[in-house]
Amino acid sequence: SVEHQVYGSRLYNVIGNIMYHTIEIEAIKEWMFGNLLKKYANKEFFISTDPLTAMIIPRRYIQSENCAIVHIERDAVEFANSIFKLSRKKNASYIAHNFIPFWQPYLWPLENMMSGSILKKYAVISERKNEYFKNAYSECGSFQSIEFVDLFEGETVKKLINDWFKTDIDISTERLQVKSNVT
């Protein structure tokens with residue numbers, strides 16, 4: 001199964017960011033990730049594209065030869081602009097980015113609304129999260145980091161899926177252009 005927004009991901013995002021700032025507790029990650037797997041991993045494979053769960057992958061999954069992690073790295077300024085627009089466009093994002101502590105690391109409640117330099121702050125958050133992902137997940141034997149701008153160009157997605165699952169699928173260019181959060 002392929003899932004973009006998984007049940008519980010908003011809560012898992014906040015807990016993951018709290019652990020990022022304090023101490024990572026594997027038992028908590030195991031419990032949260034285990035809940036995701038129970039709910040969604042009922043097929044031959046499970047692909048999560050939900051960025052809100054990126055901070056909670058337990059070490060034993062990272063180290064497993066049955067796991068592949070693809071980190072999609074976006075330009076920090078583009079990320080900042082996208083998040084800023086999203087936080088103004090959707091009510092749920094507005095609430096999350098302005099009123100929920102630890103929604104993003106290093107972001108204080110109301111800072112999104114009140115700071116004149118919020119775009120710079122989001123760019124720094126992007127850089128720090130990208131660094132975290134590379135450090136945390138580079139021990140995964142099938143870890144890859146891909147630039148966001150390259151993701152939908154050419155055969156990148158098809159090649160990743162075909163190489164990992166040892167299958168030959170055909171993904172149309174039109175299908176790859178479908179985006180769930182356009183900002």
# chains A, B, ... in the order shown; residues from 1 in each chain; ligands from 1
>>> closest_atom_pairs(of="stretch 20-105 of chain A", to="stretch 116-139 of chain A", cutoff="6 Å", atoms="only C-alpha atoms", output="JSON lines")
{"residue": "A:Ala76", "atom": "CA", "partner": "A:Ala123", "partner_atom": "CA", "distance": 4.6}
{"residue": "A:Val77", "atom": "CA", "partner": "A:Ala123", "partner_atom": "CA", "distance": 5.4}
{"residue": "A:Ala80", "atom": "CA", "partner": "A:Tyr122", "partner_atom": "CA", "distance": 4.7}
>>> select_by_dssp(residues="stretch 29-161 of chain A", states="strand (DSSP E or B)", output="list in words")
Ile47, Ser48, Ile69, Val70, His71, Ile72, Glu73, Phe143, Gln144, Ser145, Ile146 and Glu147 of chain A
>>> residues_around(residues="stretch 95-110 of chain A", least_positions_apart="3", cutoff="6 Å", atoms="only C-alpha atoms", output="PyMOL selection string")
chain A and resi 14+17+92+113
>>> write_last_selection(atoms="C-alpha atoms", output="short mmCIF file (atom, residue, chain, number, x, y, z; two decimals), in the first residue's frame")
data_model
loop_
_atom_site.label_atom_id
_atom_site.label_comp_id
_atom_site.auth_asym_id
_atom_site.auth_seq_id
_atom_site.Cartn_x
_atom_site.Cartn_y
_atom_site.Cartn_z
CA VAL A 14 4.82 16.66 17.43
CA ASN A 17 9.95 16.97 17.12
CA ALA A 92 -5.47 23.18 9.57
CA MET A 113 2.13 34.92 12.33
#
>>> closest_residue(among="A:Ile47, A:Leu52, A:Ala27, A:Leu160", to="A:Gly8", atoms="only C-alpha atoms")
A:Leu52
>>> residues_around(residues="stretch 56-61 of chain A", least_positions_apart="4", cutoff="10 Å", atoms="only C-alpha atoms", output="PyMOL selection string")
chain A and resi 9+12-13+15-17+19-20+24-34+52+65-69+136-137+139-140
